[in-house]
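Chemist: Contents are mmCIF, C-alpha atoms; file name final.cif:
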```
data_input
#
loop_
_atom_site.label_atom_id
_atom_site.label_comp_id
_atom_site.auth_asym_id
_atom_site.auth_seq_id
_atom_site.Cartn_x
_atom_site.Cartn_y
_atom_site.Cartn_z
CA MET Q 1 45.28 -63.49 -41.43
CA ASN Q 2 43.47 -65.79 -43.83
CA ALA Q 3 43.64 -69.39 -44.97
CA ASN Q 4 45.81 -68.56 -47.97
CA MET Q 5 48.94 -67.67 -46.02
CA GLU Q 6 51.89 -69.27 -47.74
CA THR Q 7 55.16 -68.10 -46.21
CA ILE Q 8 56.69 -69.55 -43.07
CA ALA Q 9 57.13 -66.05 -41.64
CA ASP Q 10 53.42 -65.35 -41.91
CA VAL Q 11 52.47 -68.68 -40.36
CA THR Q 12 54.95 -68.22 -37.54
CA GLN Q 13 53.56 -64.79 -36.71
CA TYR Q 14 49.98 -66.02 -36.95
CA MET Q 15 50.53 -69.03 -34.69
CA ARG Q 16 52.57 -67.16 -32.10
CA ALA Q 17 49.86 -64.50 -31.88
CA ALA Q 18 47.25 -67.24 -31.44
CA GLY Q 19 49.37 -68.69 -28.65
CA VAL Q 20 49.61 -65.36 -26.83
CA ARG Q 21 45.84 -64.91 -27.06
CA ALA Q 22 45.27 -68.47 -25.84
CA ARG Q 23 47.56 -68.02 -22.85
CA ALA Q 24 45.68 -64.87 -21.80
CA ALA Q 25 42.31 -66.54 -22.34
CA GLY Q 26 43.48 -69.58 -20.40
CA ARG Q 27 43.96 -67.47 -17.30
CA VAL Q 28 40.38 -66.25 -17.60
CA MET Q 29 39.07 -69.78 -18.14
CA ALA Q 30 40.98 -71.12 -15.15
CA ARG Q 31 39.00 -68.83 -12.84
CA ALA Q 32 35.67 -69.04 -14.70
CA GLU Q 33 32.70 -70.11 -12.61
CA THR Q 34 31.05 -73.45 -13.34
CA GLY Q 35 27.77 -71.71 -14.18
CA ALA Q 36 29.38 -69.56 -16.85
CA LYS Q 37 31.10 -72.57 -18.42
CA ASN Q 38 27.88 -74.56 -18.43
CA ALA Q 39 25.98 -71.63 -19.91
CA ALA Q 40 28.51 -71.44 -22.73
CA LEU Q 41 28.22 -75.16 -23.41
CA GLY Q 42 24.45 -74.92 -23.58
CA ALA Q 43 24.61 -71.91 -25.87
CA ILE Q 44 27.07 -73.66 -28.20
CA ALA Q 45 24.80 -76.72 -28.34
CA GLY Q 46 21.85 -74.49 -29.17
CA ALA Q 47 23.79 -72.71 -31.89
CA ILE Q 48 24.76 -76.03 -33.46
CA GLU Q 49 21.15 -77.15 -33.52
CA ASP Q 50 19.89 -73.81 -34.83
CA ARG Q 51 22.48 -73.81 -37.61
CA ALA Q 52 22.30 -77.54 -38.42
CA ASP Q 53 21.26 -77.02 -42.05
CA TRP Q 54 24.06 -74.53 -42.61
CA LEU Q 55 26.58 -76.85 -40.95
CA ALA Q 56 25.44 -79.67 -43.21
CA GLY Q 57 25.84 -77.41 -46.24
CA GLU Q 58 29.37 -76.39 -45.28
CA ASN Q 59 30.22 -80.04 -44.66
CA ALA Q 60 28.84 -80.92 -48.09
CA ARG Q 61 31.43 -78.54 -49.59
CA ASP Q 62 34.18 -80.49 -47.84
CA MET Q 63 32.67 -83.82 -48.90
CA ARG Q 64 32.59 -82.77 -52.55
CA ALA Q 65 36.18 -81.58 -52.41
CA GLY Q 66 37.19 -84.80 -50.64
CA ARG Q 67 35.67 -87.00 -53.31
CA GLN Q 68 37.31 -84.94 -56.04
CA SER Q 69 40.70 -85.23 -54.34
CA GLY Q 70 40.36 -89.00 -53.97
CA LEU Q 71 39.86 -89.40 -50.20
CA ASP Q 72 39.24 -93.05 -49.38
CA ALA Q 73 35.96 -94.35 -47.97
CA ALA Q 74 37.22 -94.43 -44.36
CA LEU Q 75 38.28 -90.77 -44.44
CA LEU Q 76 35.07 -89.71 -46.14
CA ASP Q 77 33.10 -91.51 -43.43
CA ARG Q 78 35.03 -89.63 -40.76
CA LEU Q 79 34.53 -86.35 -42.58
CA GLU Q 80 30.77 -86.57 -43.06
CA LEU Q 81 28.42 -84.69 -40.74
CA THR Q 82 25.09 -86.46 -40.94
CA GLY Q 83 22.04 -85.11 -39.17
CA SER Q 84 22.53 -87.61 -36.36
CA ARG Q 85 26.18 -86.64 -35.96
CA ILE Q 86 25.29 -82.97 -35.74
CA SER Q 87 22.69 -83.81 -33.09
CA ALA Q 88 25.28 -85.93 -31.27
CA MET Q 89 27.67 -82.96 -31.13
CA ALA Q 90 25.02 -80.89 -29.36
CA GLU Q 91 24.08 -83.74 -27.05
CA GLY Q 92 27.73 -84.31 -26.18
CA LEU Q 93 28.12 -80.67 -25.17
CA ARG Q 94 25.05 -80.89 -22.93
CA GLN Q 95 26.41 -84.05 -21.34
CA ILE Q 96 29.66 -82.25 -20.61
CA ALA Q 97 27.70 -79.41 -19.01
CA ALA Q 98 25.92 -81.94 -16.79
CA LEU Q 99 29.18 -83.45 -15.53
CA PRO Q 100 30.76 -82.32 -12.25
CA ASP Q 101 33.32 -79.57 -12.70
CA PRO Q 102 36.71 -81.02 -11.71
CA VAL Q 103 38.43 -77.65 -11.37
CA GLY Q 104 39.11 -76.56 -7.80
CA ALA Q 105 38.20 -79.88 -6.19
CA ILE Q 106 40.48 -80.68 -3.25
CA ARG Q 107 41.16 -84.25 -2.19
CA ASP Q 108 43.08 -86.00 0.59
CA LEU Q 109 43.18 -82.91 2.81
CA ASN Q 110 44.79 -84.17 5.98
CA TYR Q 111 46.44 -82.72 9.08
CA ARG Q 112 50.17 -83.29 9.45
CA PRO Q 113 51.96 -83.56 12.81
CA SER Q 114 53.12 -79.96 12.36
CA GLY Q 115 49.48 -78.79 12.36
CA ILE Q 116 49.29 -77.81 8.70
CA GLN Q 117 46.71 -79.35 6.37
CA VAL Q 118 48.02 -80.80 3.10
CA GLY Q 119 45.91 -81.82 0.10
CA ARG Q 120 45.72 -81.76 -3.68
CA MET Q 121 43.68 -79.41 -5.83
CA ARG Q 122 42.64 -80.21 -9.41
CA VAL Q 123 43.56 -77.44 -11.86
CA PRO Q 124 43.51 -76.94 -15.65
CA LEU Q 125 46.50 -77.88 -17.78
CA GLY Q 126 46.42 -74.40 -19.37
CA VAL Q 127 46.56 -74.24 -23.17
CA ILE Q 128 45.91 -77.40 -25.17
CA GLY Q 129 46.83 -77.74 -28.83
CA ILE Q 130 44.76 -80.31 -30.70
CA ILE Q 131 45.75 -81.53 -34.17
CA TYR Q 132 43.29 -83.77 -35.95
CA GLU Q 133 42.25 -85.09 -39.35
CA SER Q 134 38.91 -85.45 -41.08
CA ARG Q 135 36.45 -85.58 -38.17
CA PRO Q 136 34.89 -82.12 -37.78
CA ASN Q 137 32.91 -83.28 -34.74
CA VAL Q 138 36.24 -83.22 -32.88
CA THR Q 139 36.06 -79.43 -33.08
CA ALA Q 140 32.94 -79.37 -30.91
CA ASP Q 141 34.02 -82.21 -28.62
CA ALA Q 142 37.46 -80.73 -27.98
CA ALA Q 143 36.12 -77.24 -27.43
CA GLY Q 144 33.53 -78.47 -24.96
CA LEU Q 145 35.95 -80.55 -22.92
CA CYS Q 146 38.62 -77.85 -22.83
CA LEU Q 147 36.04 -75.22 -21.88
CA LYS Q 148 34.54 -77.23 -19.01
CA SER Q 149 37.98 -78.20 -17.67
CA GLY Q 150 39.05 -74.54 -17.61
CA ASN Q 151 41.56 -74.70 -20.46
CA ALA Q 152 42.09 -72.66 -23.59
CA ALA Q 153 42.38 -74.57 -26.86
CA ILE Q 154 44.05 -74.09 -30.22
CA LEU Q 155 42.43 -76.46 -32.71
CA ARG Q 156 44.14 -77.35 -35.99
CA GLY Q 157 41.86 -79.54 -38.10
CA GLY Q 158 42.70 -81.09 -41.44
CA SER Q 159 42.47 -79.07 -44.63
CA GLU Q 160 39.85 -81.50 -45.91
CA ALA Q 161 37.43 -80.28 -43.19
CA ILE Q 162 38.20 -76.56 -43.28
CA HIS Q 163 34.67 -75.35 -44.13
CA SER Q 164 33.07 -77.66 -41.55
CA ASN Q 165 35.50 -76.61 -38.84
CA ARG Q 166 35.03 -72.90 -39.51
CA ALA Q 167 31.26 -73.33 -39.33
CA ILE Q 168 31.44 -75.17 -36.01
CA ALA Q 169 33.88 -72.55 -34.72
CA SER Q 170 31.32 -69.85 -35.42
CA CYS Q 171 28.82 -71.73 -33.21
CA ILE Q 172 31.44 -72.04 -30.47
CA HIS Q 173 32.24 -68.34 -30.53
CA ALA Q 174 28.55 -67.45 -30.45
CA GLY Q 175 28.13 -69.58 -27.33
CA LEU Q 176 31.20 -68.13 -25.61
CA LYS Q 177 29.98 -64.61 -26.34
CA ALA Q 178 26.55 -65.41 -24.91
CA ALA Q 179 28.22 -66.54 -21.66
CA ASP Q 180 30.59 -63.55 -21.56
CA LEU Q 181 33.68 -65.76 -21.90
CA PRO Q 182 36.60 -64.89 -24.19
CA ALA Q 183 36.26 -66.08 -27.79
CA GLU Q 184 40.04 -66.58 -27.79
CA SER Q 185 39.63 -69.50 -25.37
CA VAL Q 186 38.84 -71.65 -28.42
CA GLN Q 187 40.72 -70.79 -31.61
CA VAL Q 188 40.40 -72.79 -34.80
CA VAL Q 189 43.51 -72.33 -36.94
CA GLU Q 190 42.43 -70.66 -40.16
CA THR Q 191 45.40 -71.53 -42.33
CA THR Q 192 45.68 -74.91 -44.07
CA ASP Q 193 49.45 -74.47 -44.36
CA ARG Q 194 51.12 -77.49 -42.77
CA ALA Q 195 53.78 -75.25 -41.30
CA ALA Q 196 51.17 -74.27 -38.69
CA VAL Q 197 51.46 -77.75 -37.18
CA GLY Q 198 55.23 -77.43 -36.87
CA GLU Q 199 54.80 -74.13 -35.08
CA LEU Q 200 52.07 -75.34 -32.74
CA ILE Q 201 54.01 -78.36 -31.49
CA THR Q 202 57.07 -76.27 -30.59
CA MET Q 203 55.33 -73.33 -28.87
CA ASN Q 204 56.47 -74.30 -25.38
CA ASP Q 205 55.87 -70.83 -23.93
CA GLN Q 206 52.26 -70.72 -25.10
CA VAL Q 207 51.10 -74.37 -25.22
CA ASP Q 208 51.14 -76.89 -22.35
CA VAL Q 209 50.17 -80.12 -24.10
CA ILE Q 210 49.50 -81.40 -27.63
CA VAL Q 211 46.81 -83.96 -28.46
CA PRO Q 212 47.11 -85.41 -31.99
CA ARG Q 213 44.14 -87.29 -33.48
CA GLY Q 214 44.52 -88.91 -36.86
CA GLY Q 215 46.45 -91.47 -38.83
CA LYS Q 216 49.58 -93.22 -37.66
CA GLY Q 217 51.81 -91.07 -39.87
CA LEU Q 218 50.51 -87.83 -38.38
CA ILE Q 219 50.86 -89.04 -34.80
CA GLN Q 220 54.37 -90.42 -35.39
CA ARG Q 221 55.42 -87.08 -36.85
CA ILE Q 222 53.95 -85.13 -33.94
CA SER Q 223 55.52 -87.45 -31.37
CA ARG Q 224 58.91 -87.20 -33.08
CA ASP Q 225 59.01 -83.45 -33.68
CA ALA Q 226 57.09 -81.97 -30.75
CA SER Q 227 58.90 -80.22 -27.92
CA VAL Q 228 55.56 -79.71 -26.16
CA PRO Q 229 54.38 -82.82 -24.20
CA VAL Q 230 52.07 -85.10 -26.25
CA ILE Q 231 49.07 -87.26 -25.26
CA LYS Q 232 48.69 -89.80 -28.07
CA HIS Q 233 47.81 -93.16 -29.49
CA LEU Q 234 49.30 -94.53 -32.69
CA ASP Q 235 47.00 -97.38 -33.71
CA GLY Q 236 43.73 -99.04 -32.93
CA VAL Q 237 44.64 -102.69 -33.50
CA CYS Q 238 41.77 -104.03 -31.39
CA HIS Q 239 41.06 -107.70 -30.67
CA VAL Q 240 38.03 -109.79 -29.75
CA TYR Q 241 38.75 -113.25 -28.33
CA ILE Q 242 35.93 -115.80 -28.43
CA ASP Q 243 36.60 -118.33 -25.68
CA ASP Q 244 35.49 -121.95 -25.96
CA GLN Q 245 33.13 -121.24 -23.07
CA ALA Q 246 31.45 -118.32 -24.83
CA ASP Q 247 27.72 -118.09 -25.44
CA PRO Q 248 27.53 -118.46 -29.25
CA ASP Q 249 24.75 -115.92 -29.69
CA LYS Q 250 26.59 -113.32 -27.59
CA ALA Q 251 29.79 -114.07 -29.47
CA GLU Q 252 28.11 -113.57 -32.83
CA ARG Q 253 26.49 -110.27 -31.84
CA ILE Q 254 29.68 -108.89 -30.35
CA ALA Q 255 32.05 -110.02 -33.12
CA VAL Q 256 29.80 -108.69 -35.87
CA ASN Q 257 29.13 -105.37 -34.13
CA ALA Q 258 32.78 -104.82 -33.20
CA LYS Q 259 33.73 -105.00 -36.88
CA THR Q 260 30.78 -103.79 -38.91
CA GLN Q 261 29.00 -101.14 -36.81
CA ARG Q 262 31.47 -98.61 -38.19
CA TYR Q 263 34.69 -99.32 -40.04
CA GLY Q 264 36.70 -96.12 -39.84
CA THR Q 265 37.13 -95.79 -36.06
CA CYS Q 266 40.05 -96.64 -33.79
CA ASN Q 267 37.91 -98.88 -31.56
CA THR Q 268 36.79 -101.14 -34.41
CA MET Q 269 37.96 -104.75 -34.10
CA GLU Q 270 40.76 -105.56 -36.55
CA THR Q 271 41.66 -109.10 -35.41
CA LEU Q 272 39.30 -111.85 -34.28
CA LEU Q 273 40.74 -114.67 -32.17
CA VAL Q 274 38.68 -117.86 -31.80
CA ALA Q 275 39.44 -120.73 -29.42
CA GLN Q 276 39.91 -124.00 -31.27
CA GLY Q 277 37.27 -125.70 -29.11
CA ILE Q 278 34.52 -123.49 -30.56
CA ALA Q 279 35.97 -122.62 -33.96
CA GLU Q 280 34.31 -125.40 -35.95
CA SER Q 281 30.81 -124.26 -34.96
CA MET Q 282 31.52 -120.54 -34.67
CA LEU Q 283 33.71 -119.58 -37.61
CA PRO Q 284 31.48 -120.65 -40.53
CA ARG Q 285 28.55 -118.92 -38.85
CA LEU Q 286 30.53 -115.71 -38.44
CA ALA Q 287 32.01 -115.94 -41.93
CA GLN Q 288 28.52 -115.88 -43.39
CA ARG Q 289 27.63 -112.75 -41.42
CA TYR Q 290 30.82 -111.04 -42.54
CA ARG Q 291 30.25 -112.15 -46.11
CA ASP Q 292 26.77 -110.61 -46.02
CA ALA Q 293 28.31 -107.35 -44.72
CA GLY Q 294 30.99 -107.30 -47.43
CA VAL Q 295 33.91 -107.88 -45.08
CA GLU Q 296 37.02 -109.51 -46.53
CA LEU Q 297 38.48 -112.18 -44.24
CA ARG Q 298 42.17 -113.02 -43.95
CA GLY Q 299 42.87 -116.06 -41.81
CA CYS Q 300 45.44 -118.51 -40.55
CA GLU Q 301 45.76 -121.96 -42.11
CA ARG Q 302 43.37 -123.56 -39.63
CA CYS Q 303 40.79 -120.85 -40.33
CA ARG Q 304 41.05 -121.49 -44.07
CA ASP Q 305 40.42 -125.20 -43.50
CA LEU Q 306 37.05 -124.26 -42.00
CA VAL Q 307 36.31 -121.31 -44.32
CA PRO Q 308 38.14 -122.01 -47.60
CA GLU Q 309 37.25 -118.68 -49.21
CA MET Q 310 39.34 -116.81 -46.63
CA LEU Q 311 42.51 -115.22 -47.94
CA ALA Q 312 45.77 -116.23 -46.27
CA ALA Q 313 46.84 -113.94 -43.44
CA THR Q 314 50.43 -112.78 -42.96
CA ASP Q 315 52.19 -111.11 -40.04
CA ASP Q 316 51.34 -107.77 -41.66
CA ASP Q 317 47.66 -108.58 -41.11
CA TRP Q 318 48.12 -109.20 -37.38
CA ALA Q 319 49.67 -105.71 -37.13
CA ALA Q 320 47.17 -103.95 -39.42
CA GLU Q 321 44.68 -101.23 -38.56
CA TYR Q 322 42.51 -101.62 -41.65
CA LEU Q 323 39.93 -98.90 -40.93
CA GLY Q 324 37.83 -100.65 -43.56
CA PRO Q 325 35.90 -103.86 -44.29
CA VAL Q 326 38.83 -106.24 -43.80
CA LEU Q 327 39.29 -108.56 -40.80
CA ALA Q 328 42.17 -110.77 -39.71
CA VAL Q 329 41.09 -114.07 -38.10
CA ARG Q 330 43.15 -116.58 -36.14
CA ILE Q 331 42.30 -119.81 -34.33
CA VAL Q 332 44.17 -120.07 -31.02
CA ARG Q 333 44.58 -123.04 -28.75
CA ASP Q 334 43.22 -121.41 -25.59
CA LEU Q 335 43.21 -118.26 -23.47
CA ASP Q 336 46.99 -118.44 -22.97
CA GLU Q 337 47.63 -118.37 -26.70
CA ALA Q 338 45.12 -115.55 -27.14
CA LEU Q 339 46.89 -113.52 -24.45
CA GLU Q 340 50.24 -114.19 -26.13
CA HIS Q 341 48.91 -113.03 -29.50
CA ILE Q 342 47.47 -109.85 -27.99
CA ALA Q 343 50.69 -109.11 -26.11
CA THR Q 344 52.64 -109.48 -29.38
CA TRP Q 345 50.41 -107.61 -31.81
CA SER Q 346 48.09 -105.30 -29.86
CA SER Q 347 48.48 -101.52 -30.00
CA ALA Q 348 47.25 -101.37 -26.38
CA HIS Q 349 43.99 -99.69 -27.36
CA THR Q 350 41.02 -102.02 -26.69
CA GLU Q 351 40.59 -105.78 -26.32
CA ALA Q 352 37.52 -107.88 -25.48
CA ILE Q 353 36.86 -111.45 -24.37
CA VAL Q 354 33.58 -113.30 -24.89
CA THR Q 355 33.20 -116.01 -22.26
CA GLU Q 356 30.87 -117.34 -19.59
CA ASN Q 357 33.85 -118.44 -17.48
CA VAL Q 358 34.31 -115.86 -14.73
CA THR Q 359 37.83 -117.01 -13.87
CA ARG Q 360 39.00 -116.57 -17.47
CA ALA Q 361 37.25 -113.22 -17.71
CA ARG Q 362 39.09 -111.99 -14.63
CA ARG Q 363 42.41 -113.27 -15.99
CA PHE Q 364 41.78 -111.39 -19.22
CA LEU Q 365 40.98 -108.18 -17.35
CA ARG Q 366 44.06 -108.51 -15.18
CA GLU Q 367 46.63 -109.62 -17.77
CA VAL Q 368 45.75 -107.65 -20.91
CA ASP Q 369 47.73 -104.40 -20.82
CA SER Q 370 45.51 -102.13 -22.91
CA SER Q 371 43.78 -98.85 -22.17
CA SER Q 372 40.34 -100.52 -22.29
CA VAL Q 373 39.69 -104.20 -21.55
CA MET Q 374 36.18 -105.63 -21.89
CA VAL Q 375 34.19 -108.74 -21.02
CA ASN Q 376 31.22 -109.72 -23.20
CA ALA Q 377 30.96 -106.32 -24.86
CA SER Q 378 31.87 -104.84 -28.25
CA THR Q 379 35.11 -102.90 -28.59
CA ARG Q 380 33.01 -100.11 -30.13
CA PHE Q 381 32.12 -99.03 -26.56
CA ALA Q 382 35.66 -97.71 -26.05
CA ASP Q 383 34.55 -94.12 -26.41
CA GLY Q 384 34.29 -91.11 -24.13
CA PHE Q 385 30.60 -90.60 -24.89
CA GLU Q 386 29.80 -94.23 -24.06
CA TYR Q 387 31.92 -94.10 -20.90
CA GLY Q 388 29.90 -91.16 -19.60
CA LEU Q 389 32.58 -88.54 -20.20
CA GLY Q 390 30.24 -86.52 -22.44
CA ALA Q 391 32.85 -86.64 -25.17
CA GLU Q 392 36.56 -87.29 -25.45
CA ILE Q 393 39.58 -85.34 -26.54
CA GLY Q 394 41.09 -88.59 -27.80
CA ILE Q 395 42.03 -92.06 -26.63
CA SER Q 396 45.46 -92.32 -25.09
CA THR Q 397 47.45 -95.54 -25.18
CA ASP Q 398 50.19 -93.88 -23.15
CA LYS Q 399 50.41 -94.58 -19.45
CA LEU Q 400 51.33 -90.99 -18.53
CA HIS Q 401 49.60 -88.56 -18.10
CA ALA Q 402 46.22 -90.03 -19.10
CA ARG Q 403 45.11 -93.43 -20.44
CA GLY Q 404 42.06 -94.50 -22.44
CA PRO Q 405 39.37 -91.99 -23.40
CA VAL Q 406 40.58 -88.59 -22.21
CA GLY Q 407 37.78 -86.54 -20.72
CA LEU Q 408 37.61 -83.72 -18.20
CA GLU Q 409 39.90 -85.20 -15.58
CA GLY Q 410 42.49 -86.07 -18.21
CA LEU Q 411 42.62 -82.39 -19.18
CA THR Q 412 43.47 -81.32 -15.66
CA THR Q 413 46.36 -81.91 -13.31
CA GLU Q 414 46.89 -81.49 -9.58
CA LYS Q 415 48.83 -79.14 -7.40
CA TRP Q 416 49.61 -79.46 -3.72
CA VAL Q 417 47.83 -77.05 -1.39
CA VAL Q 418 48.79 -76.31 2.20
CA LEU Q 419 46.52 -74.66 4.78
CA GLY Q 420 48.01 -73.17 7.90
CA ASP Q 421 47.31 -70.58 10.57
CA GLY Q 422 50.63 -68.89 11.12
CA HIS Q 423 52.52 -72.17 11.09
CA ILE Q 424 56.28 -72.09 10.70
CA ARG Q 425 58.73 -74.94 10.32
CA GLU Q 426 60.85 -75.53 13.39
#
```
I need this file expressed as structure tokens, please.
Modeler:
Amino acid sequence: MNANMETIADVTQYMRAAGVRARAAGRVMARAETGAKNAALGAIAGAIEDRADWLAGENARDMRAGRQSGLDAALLDRLELTGSRISAMAEGLRQIAALPDPVGAIRDLNYRPSGIQVGRMRVPLGVIGIIYESRPNVTADAAGLCLKSGNAAILRGGSEAIHSNRAIASCIHAGLKAADLPAESVQVVETTDRAAVGELITMNDQVDVIVPRGGKGLIQRISRDASVPVIKHLDGVCHVYIDDQADPDKAERIAVNAKTQRYGTCNTMETLLVAQGIAESMLPRLAQRYRDAGVELRGCERCRDLVPEMLAATDDDWAAEYLGPVLAVRIVRDLDEALEHIATWSSAHTEAIVTENVTRARRFLREVDSSSVMVNASTRFADGFEYGLGAEIGISTDKLHARGPVGLEGLTTEKWVVLGDGHIRE
């Protein structure tokens, strides 16, 4: 079956066959030894490095097509595979290989009064369907995490990255073959027909969980239409609050980095909150740094009194995930007002406080209900790689089954195990 399939019947047959293959491969992966999985990860990393120039060339085809079709700057940034990003894919796979294998670990094994031992064993979820846009590095990250956690994966990337994803898939299959593991344990959907997504999210017999990564529209559609359980986040409306007891130099470094280090990511700051006690000295200083970086500022009335060139912010700005060089700014009375703003407008992704007051920092950590909460650090650290997970399958703002960056443990579940020696229940 090729990428030019057009009829629903063809797509249905293609996806169902992929699901059957994935289910069979998943059983093999669930019993695969740690050494074999690590060998595959190392071989995939080596293949990516060996074929880096070819990968860059295939990505260049997607970049040209993206520019011609009018993709915006944020999507083009996500799509591009620079040399450093290709190297990071390989490094991420090696980090995953170095992590402890969660599969088969038993915890809380205790004797019961009856004499049996009862505990919990960590096991793979089974078959994971991943639907994502633009970022081809997700293909390597997702494959690596699913492989190490003993799962099979069906990966459906965006049509804008089809050449990049196919090229990375060839590296993955080369690595799996080298480790004598089934190539079907990682399948990249070849068709760009959108009907494939509709099939994947309703294949309850073949798929155990769906992980969507992309824009809000995609994730809303998946969440609405899927009959397979979904691990998701909708937005990355991330906040940094500069307390009136913040170190100004720390505050400047963090606030600038959180916004400008990279614009098109879900952990980029979109709203800056500044305590009124420090705003007069802090805001003009920050405004100059943002101006130098080409960031458009949209602020409340008090902000515009201090920085007149700011545009007026509306409620739409407090709710916006810009994914570009635009920042909403608000002066708040104190920590309480900052917490109220975050509770009202946050997407529960990542929030940070900059303060030297330990009591306020602890309040912020305790009271902010987001998947990552930080003290004196940039929101850009909310990332599986930075958290030591090797890579991430996505960042979940749900509270069940996983929350925050989803790594190996988030791709497993637990089952109860009972050990006896002829025990019977009286």
Chemist: Determine the residue set returned by the PyMOL selection byres ((chain Q and resi 79) around 9) for the present structure, and present it as a ChimeraX atom specification.
Modeler: /Q:59,62-63,66,74-78,80-81,133-137,160-161,164
Chemist: Could you build a table of the residues in range 9-107 of chain Q lying no more than 8 Å from range 375-396 of chain Q, giving for each the nearest pair of atoms and their separation in Å rounded to one decimal place, using all atoms listed in the file, ordered by chain and ascending residue number, as a Markdown table?
Modeler:
```
| residue | atom | partner | partner_atom | distance |
| --- | --- | --- | --- | --- |
| Q:Gly92 | CA | Q:Gly390 | CA | 5.0 |
| Q:Leu93 | CA | Q:Gly390 | CA | 6.8 |
| Q:Arg94 | CA | Q:Gly390 | CA | 7.7 |
| Q:Gln95 | CA | Q:Gly390 | CA | 4.7 |
| Q:Ile96 | CA | Q:Gly390 | CA | 4.7 |
| Q:Leu99 | CA | Q:Gly390 | CA | 7.6 |
```
Chemist: Decode the PyMOL selection byres ((chain Q and resi 323) around 10) for the given file into explicit residues and return them as a PyMOL selection string.
Modeler: chain Q and resi 73-75+236-237+259+262-270+320-322+324-327
Chemist: Find, counting all atoms listed in the file, the residue in Q:Ala169, Q:Ile131, Q:Cys303, Q:Met89 that gets nearest to Ile210 in chain Q.
Modeler: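 Checking each of Q:Ala169, Q:Ile131, Q:Cys303, Q:Met89 against Ile210 in chain Q, counting all atoms listed in the file, the winner is Q:Ile131.
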Chemist: Residues within 10 Å of Gly26 in chain Q, please, as a PyMOL selection string. Count only C-alpha atoms; anything in the same chain fewer than 6 positions from it doesn't count.
Modeler: chain Q and resi 20+32+124-128+146-147+150-153+182+184-186
Chemist: Given the file shown, enumerate the residues that the PyMOL selection byres ((chain Q and resi 223) around 10) captures and present them as a list of chain:residue names.
Modeler: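 On this input, the PyMOL selection byres ((chain Q and resi 223) around 10) captures Q:Ile201, Q:Ile210, Q:Val211, Q:Pro212, Q:Gly217, Q:Leu218, Q:Ile219, Q:Gln220, Q:Arg221, Q:Ile222, Q:Arg224, Q:Asp225, Q:Ala226, Q:Ser227, Q:Val228, Q:Pro229, Q:Val230, Q:Ile231, Q:Lys232, Q:His233, Q:Leu234.
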Chemist: Just to confirm, what's the straight-line distance from CA of Gly294 in chain Q to CA of Val307 in chain Q in Å (one decimal)?
Modeler: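 Here the two named atoms are 15.3 Å from each other.
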Chemist: Between CA of Ser347 in chain Q and CA of Ala142 in chain Q, what is the distance in Å, rounded to a tenth?
Modeler: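 Separating CA of Ser347 in chain Q from CA of Ala142 in chain Q is a distance of 23.6 Å.
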Chemist: Could you state the separation of CA of Thr271 in chain Q and CA of Ala88 in chain Q in Å, given to one decimal place?
Modeler: 28.7 Å
Chemist: Find the residues around Gln288 in chain Q up to 12 Å (all atoms listed in the file counted), leave out those fewer than 3 positions away in its own chain, and share them as a PDB file with C-alpha atoms, in the frame of the given file.
Modeler:
```pdb
ATOM      1  CA  GLU Q 252      28.110-113.570 -32.830  1.00  0.00           C
ATOM      2  CA  VAL Q 256      29.800-108.690 -35.870  1.00  0.00           C
ATOM      3  CA  MET Q 282      31.520-120.540 -34.670  1.00  0.00           C
ATOM      4  CA  LEU Q 283      33.710-119.580 -37.610  1.00  0.00           C
ATOM      5  CA  PRO Q 284      31.480-120.650 -40.530  1.00  0.00           C
ATOM      6  CA  ARG Q 285      28.550-118.920 -38.850  1.00  0.00           C
ATOM      7  CA  ARG Q 291      30.250-112.150 -46.110  1.00  0.00           C
ATOM      8  CA  ASP Q 292      26.770-110.610 -46.020  1.00  0.00           C
ATOM      9  CA  ALA Q 293      28.310-107.350 -44.720  1.00  0.00           C
ATOM     10  CA  GLY Q 294      30.990-107.300 -47.430  1.00  0.00           C
ATOM     11  CA  VAL Q 295      33.910-107.880 -45.080  1.00  0.00           C
ATOM     12  CA  GLU Q 296      37.020-109.510 -46.530  1.00  0.00           C
ATOM     13  CA  LEU Q 297      38.480-112.180 -44.240  1.00  0.00           C
ATOM     14  CA  VAL Q 307      36.310-121.310 -44.320  1.00  0.00           C
ATOM     15  CA  GLU Q 309      37.250-118.680 -49.210  1.00  0.00           C
ATOM     16  CA  MET Q 310      39.340-116.810 -46.630  1.00  0.00           C
TER      17      MET Q 310
END
```
Chemist: Counting all atoms listed in the file, which residue out of Q:Ser114, Q:Ser84, Q:Gln276, Q:Asn38 sits closest to Glu426 in chain Q?
Modeler: Q:Ser114
Chemist: Within 7 Å of (26.7, -106.8, -39.2) in the file's own coordinates, which protein, DNA or RNA residues have an atom, counting all atoms listed in the file? List them as JSON, numbers by chain.
Modeler: {"Q": [256, 257, 260, 261, 289, 290, 293]}
Chemist: Find the residues around Trp416 in chain Q up to 9 Å (all atoms listed in the file counted), leave out those fewer than 4 positions away in its own chain, and share them as a PyMOL selection string.
Modeler: chain Q and resi 118-121
